[in-house]
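The structure appears below as structure tokens.
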Amino acid sequence: MKAIKNKLLFVILLLITTGLTARSQERVVIAPGKPEAGETVTVTLDPSVPGGPIPAGATAVTVQFVTSNFYDLPIRIPMVKTNGKWTASFRLAPYAAFATFQLTSGNTIERPAADRLYEVMVYKNGLPVRHALLYRGGSMAAQMGKAPGAAAAAADLYEQELKAFPDNYEARLRLLVYREQVAKLASEKKAIRRRMHDVIEAKWKEAPSDRGNLNRVTMGYLIIGEPSRLDSIRKQVGARYPETALGRSLHADFIGREKDTARRITLLELALDKETEQNEADFSPFHEQLFELYARAKDSAKTVFHAGKVRHDMESPHLPRFYKSMAETLIENAVALPLARQYTNMALAMADRWPAGLIRYFPETGHIIPLVDDSTRRAVTAQAKGNLLSMLGLIDMLEGKDGEGEAHMRAAIAASHDHETLENVSRFYKQTGRETALAEIGALRLGELKAAVARQMIDKPAPALSSFVDLKGNPVTPESLRGKVVLIDFWATWCVPCMQEMPFVQKLYDEFKSNPDVVFMIVNSGAKNTLQDAQNWKGNKTYSFPVYYNTDPNIGEKFNFNIIPATYVIDKNGRIRFANIGFEGAEVESRLRVQLQMALTP
């Protein structure tokens, strides 16, 4: 009997030891397993454990969030290496619910599986907190892509969320959208659609004149794919509750769409007839529009009057930007310059708390300010100082004080070499005839741009371009691109930023079109566009660059973009060297020029 007991004890100890060994050999560990709000989560990577692409000799590893409501955290958190293991820790905010992440090291990405991301779900008393399962469902698209079962997996998580929190409005709508998609009968789809409308209407009736609630209502229409209803619901709120702060704000928004400036001013002034000392805060949106309109008209007295009536939350983290925006309007129109100086100086005094990162606001949490490291904070502060000092220099120039302006410009350059600061400095030197200084700034800007572009250089194989056809429907052949530097710009006819970018792309094309080693491919890739849309695009008569149409609905996944315009520069060896997502203004021309030049250089 004793021998049996000893044997049993040995087996138990062996199992425990084996279990501990298995756990100790996990490559990526997230602890604790069921973290609660306020606790610290630690992610540990042991690269010595086989099974992942990040090598033991990696020099840097980062936790990169993919989907997350950990809004106070940066998207990327550097890991620290200690005793051969990489770790990163972060504290969960009171509102935290769910996040997914992957580990990156240079161009290497590590996930637990091809169709999965690492997850952190927040718990309370051992159960997922509100929204945790909802957000996990929403992450299925990022985790599984278009894999079969992704939508069903998400719907199952929405159902689990509703079992725990039956009043979860968003989960109910998303589940109804899924059920409509899988319904077979038209009558069934119609009934589900009615149910969606009932859910949204019930949400509106909870607080019809509350802006936060209206935002949830409009979000509901976006979820069910009916964005055209947004204007309708806003008009109803404005009509039914015209004397509320929300009703007046919506009324100001509608007046703002009036294209005739004189009529717009008349409507705004007429609305102010109902302003009193008790409700004057509600009329700030009207004064803000009149401030801008009278500034354009260079009516200094009325500009100053309405500026004094514009209200802004004095506790808001966006307050410095508000002051800067008001000053920029005045500088742009060369009006009320003493007031412009006052606003600029107030913003400058707040440079050390300039907004950094994406600041979110929710009625239940207030403003959520993302965490930034010390180096980022210093960089943001320096850029703010450079912007604002250069604005003071422009004010000096407009007031005929070129000496003071030059001093401000020197201080601005000492603070920051960012695009906006150097643009203001260049304007000052150009308009005051300082040609030598202007040339020096031009050289400085080019050097800064080249250094920035060099830091953005990547090296990834480009996907096959076999899905591209020209406007006659002829496919692009590999032979036509072999040994060429290719600039590909993805766009769509309905994309406003794409249209804003086109003139700059045309200038580049004019510059490089005679170079036999460069190919421009301006590719219509919009999900709602057809080859005929590309053929009928009015830009074909305006621009001479070659336009193509993409026939592959998965091209965004292959190139890794979900926002357009998206512009890529591919070198002669078929490697992506630069990726540019979105439109960032006129700088795109010089940035792409440098990228093409670097790709052409062996």
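Going by the structure tokens order, chains are called A, B, ..., each with residues numbered from 1, while ligands are numbered from 1 in the order shown.
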Practice problem: Run DSSP on the backbone and grab whatever in range 460-567 of chain A lands in helix (DSSP H, G or I); send it over as a PyMOL selection string. | Solution: chain A and resi 478-480+496-512+531-536+539-542+555-559
Self-check item: Which of range 103-348 of chain A fall in strand (DSSP E), as an MDAnalysis selection string
Solution: chainID A and resid 103:105 108:110 118:121 123:124 127:128
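Nearest-residue note for Ala379 in chain A: choosing from A:Ala351, A:Val547, A:Leu293, A:Leu267, the minimum distance belongs to A:Ala351, counting only C-alpha atoms.
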Quiz prompt | Residue among A:Val485, A:Leu389, A:Leu173, A:Val505 lying closest to Ser544 in chain A, counting only C-alpha atoms | solution = A:Val505
Quiz item: Any idea what's packed within 7 Å of Leu268 in chain A, counting only C-alpha atoms, ignoring anything in its chain fewer than 4 positions away? Could you give it as a ChimeraX atom specification?
Solution: /A:264,272,286
Self-check item: Which residue of A:Leu444, A:Ile570, A:Leu371, A:Ala439 approaches Ala462 in chain A most closely, using only C-alpha atoms
Solution: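 Checking each of A:Leu444, A:Ile570, A:Leu371, A:Ala439 against Ala462 in chain A, counting only C-alpha atoms, the winner is A:Ile570.
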Quiz prompt | For Ala142 in chain A, the nearest of the candidates A:Ala99, A:Leu392, A:Leu45, A:Val310, counting only C-alpha atoms | solution =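 Checking each candidate against Ala142 in chain A, we get A:Ala99 as the closest.
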Quiz prompt | Which residue of A:Gly400, A:Gly212, A:Pro50, A:Pro32 approaches Gly126 in chain A most closely, using only C-alpha atoms | solution =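 Among the listed residues, the smallest separation from Gly126 in chain A belongs to A:Pro32.
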Quiz item: Which residue gives the smallest distance to Lys385 in chain A among A:Arg311, A:Lys81, A:Arg76, A:His417, with only C-alpha atoms counted?
Solution: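 Using only C-alpha atoms, Lys385 in chain A sits closest to A:His417.
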Practice problem: Tell me which protein, DNA and RNA residues are within 9 Å of Asp352 in chain A, counting only C-alpha atoms, leaving out same-chain ones fewer than 6 positions away, and put them as a PyMOL selection string. | Solution: chain A and resi 377-378+380-382+384-385
For the interface of range 555-588 of chain A with range 145-166 of chain A (cut-off 12 Å, counting only C-alpha atoms), please tabulate each contacting residue of range 555-588 of chain A alongside its nearest pair of atoms and their separation in Å to one decimal, rows sorted by chain and increasing number, as CSV.
residue,atom,partner,partner_atom,distance
A:Gly556,CA,A:Gly145,CA,11.5
A:Glu557,CA,A:Gly145,CA,8.7
A:Lys558,CA,A:Gly145,CA,11.6
A:Asn560,CA,A:Gly145,CA,11.8
Restricting the output to all heavy atoms, write the selected residues as a short mmCIF file (atom, residue, chain, number, x, y, z; two decimals), in the first residue's frame.
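out_16.cif, freshly written:
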data_model
loop_
_atom_site.label_atom_id
_atom_site.label_comp_id
_atom_site.auth_asym_id
_atom_site.auth_seq_id
_atom_site.Cartn_x
_atom_site.Cartn_y
_atom_site.Cartn_z
N GLY A 556 -5.90 45.41 -51.19
CA GLY A 556 -5.56 46.16 -49.98
C GLY A 556 -4.84 45.29 -48.97
O GLY A 556 -3.88 45.73 -48.32
N GLU A 557 -5.31 44.05 -48.81
CA GLU A 557 -4.66 43.14 -47.87
C GLU A 557 -3.26 42.78 -48.36
O GLU A 557 -2.32 42.66 -47.56
CB GLU A 557 -5.50 41.87 -47.72
CG GLU A 557 -6.83 42.09 -47.02
CD GLU A 557 -7.62 40.80 -46.86
OE1 GLU A 557 -7.00 39.72 -46.97
OE2 GLU A 557 -8.83 40.87 -46.65
N LYS A 558 -3.10 42.61 -49.66
CA LYS A 558 -1.80 42.21 -50.20
C LYS A 558 -0.77 43.33 -50.05
O LYS A 558 0.41 43.07 -49.78
CB LYS A 558 -1.94 41.80 -51.66
CG LYS A 558 -2.76 40.52 -51.84
CD LYS A 558 -2.99 40.17 -53.31
CE LYS A 558 -3.81 38.90 -53.43
NZ LYS A 558 -4.11 38.56 -54.85
N ASN A 560 -1.28 45.77 -47.83
CA ASN A 560 -1.41 46.18 -46.42
C ASN A 560 -1.86 47.63 -46.28
O ASN A 560 -1.23 48.43 -45.60
CB ASN A 560 -0.10 45.96 -45.66
CG ASN A 560 -0.29 46.05 -44.15
OD1 ASN A 560 -1.37 45.74 -43.64
ND2 ASN A 560 0.74 46.48 -43.44
#
Exercise. Would you list the contacts of range 526-543 of chain A as JSON, numbers by chain, taking every protein, DNA or RNA residue within 7 Å and counting only C-alpha atoms, but skipping same-chain residues closer than 4 positions in sequence?
Key: {"A": [471, 491, 492, 493, 506, 549]}
Quiz prompt | Selection: 10 Å around Glu110 in chain A, only C-alpha atoms, excl. self and same-chain fewer than 6 positions, as a list in words | solution = Val28, Gly51, Gly52, Pro53, Ile54, Val63, Phe101, Gln102, Leu103, Thr104, Leu117 and Tyr118 of chain A
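Proximity to Glu589 in chain A at 7 Å, evaluated using only C-alpha atoms and with sequence-adjacent residues fewer than 3 positions away removed, yields Phe504, Val505, Leu508, Ala586, Leu592 and Arg593 of chain A.
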Emit the selected residues as a PDB file, in the first residue's frame, including all heavy atoms.
ATOM      1  N   PHE A 504      -0.611  67.123 -57.432  1.00  0.00           N
ATOM      2  CA  PHE A 504       0.790  66.921 -57.054  1.00  0.00           C
ATOM      3  C   PHE A 504       1.372  65.694 -57.755  1.00  0.00           C
ATOM      4  O   PHE A 504       2.540  65.688 -58.150  1.00  0.00           O
ATOM      5  CB  PHE A 504       0.899  66.789 -55.535  1.00  0.00           C
ATOM      6  CG  PHE A 504       0.331  67.959 -54.790  1.00  0.00           C
ATOM      7  CD1 PHE A 504      -0.893  67.867 -54.135  1.00  0.00           C
ATOM      8  CD2 PHE A 504       1.009  69.169 -54.763  1.00  0.00           C
ATOM      9  CE1 PHE A 504      -1.425  68.957 -53.465  1.00  0.00           C
ATOM     10  CE2 PHE A 504       0.489  70.261 -54.084  1.00  0.00           C
ATOM     11  CZ  PHE A 504      -0.738  70.158 -53.440  1.00  0.00           C
ATOM     12  N   VAL A 505       0.537  64.666 -57.923  1.00  0.00           N
ATOM     13  CA  VAL A 505       0.983  63.484 -58.661  1.00  0.00           C
ATOM     14  C   VAL A 505       1.260  63.853 -60.120  1.00  0.00           C
ATOM     15  O   VAL A 505       2.228  63.391 -60.724  1.00  0.00           O
ATOM     16  CB  VAL A 505      -0.073  62.364 -58.576  1.00  0.00           C
ATOM     17  CG1 VAL A 505       0.324  61.176 -59.448  1.00  0.00           C
ATOM     18  CG2 VAL A 505      -0.251  61.902 -57.126  1.00  0.00           C
ATOM     19  N   LEU A 508       4.639  65.492 -60.504  1.00  0.00           N
ATOM     20  CA  LEU A 508       5.711  64.493 -60.460  1.00  0.00           C
ATOM     21  C   LEU A 508       5.796  63.724 -61.771  1.00  0.00           C
ATOM     22  O   LEU A 508       6.885  63.447 -62.278  1.00  0.00           O
ATOM     23  CB  LEU A 508       5.463  63.521 -59.303  1.00  0.00           C
ATOM     24  CG  LEU A 508       5.881  63.980 -57.909  1.00  0.00           C
ATOM     25  CD1 LEU A 508       5.414  62.982 -56.880  1.00  0.00           C
ATOM     26  CD2 LEU A 508       7.394  64.139 -57.836  1.00  0.00           C
ATOM     27  N   ALA A 586       0.467  69.380 -49.431  1.00  0.00           N
ATOM     28  CA  ALA A 586       1.374  69.663 -50.540  1.00  0.00           C
ATOM     29  C   ALA A 586       2.732  69.002 -50.394  1.00  0.00           C
ATOM     30  O   ALA A 586       3.445  68.795 -51.387  1.00  0.00           O
ATOM     31  CB  ALA A 586       1.541  71.179 -50.672  1.00  0.00           C
ATOM     32  N   LEU A 592       7.468  62.330 -52.320  1.00  0.00           N
ATOM     33  CA  LEU A 592       7.498  61.286 -53.347  1.00  0.00           C
ATOM     34  C   LEU A 592       8.674  61.487 -54.304  1.00  0.00           C
ATOM     35  O   LEU A 592       9.260  60.522 -54.796  1.00  0.00           O
ATOM     36  CB  LEU A 592       6.182  61.264 -54.121  1.00  0.00           C
ATOM     37  CG  LEU A 592       4.954  60.737 -53.366  1.00  0.00           C
ATOM     38  CD1 LEU A 592       3.705  60.855 -54.222  1.00  0.00           C
ATOM     39  CD2 LEU A 592       5.162  59.290 -52.930  1.00  0.00           C
ATOM     40  N   ARG A 593       9.020  62.739 -54.566  1.00  0.00           N
ATOM     41  CA  ARG A 593      10.170  63.012 -55.448  1.00  0.00           C
ATOM     42  C   ARG A 593      11.439  62.418 -54.851  1.00  0.00           C
ATOM     43  O   ARG A 593      12.214  61.741 -55.548  1.00  0.00           O
ATOM     44  CB  ARG A 593      10.338  64.519 -55.644  1.00  0.00           C
ATOM     45  CG  ARG A 593      11.563  64.880 -56.504  1.00  0.00           C
ATOM     46  CD  ARG A 593      11.734  66.380 -56.651  1.00  0.00           C
ATOM     47  NE  ARG A 593      10.639  66.965 -57.432  1.00  0.00           N
ATOM     48  CZ  ARG A 593       9.680  67.726 -56.925  1.00  0.00           C
ATOM     49  NH1 ARG A 593       9.681  68.010 -55.604  1.00  0.00           N
ATOM     50  NH2 ARG A 593       8.729  68.214 -57.682  1.00  0.00           N
TER      51      ARG A 593
END
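Going from CA of Ser466 in chain A to CA of Met144 in chain A covers 24.9 Å.
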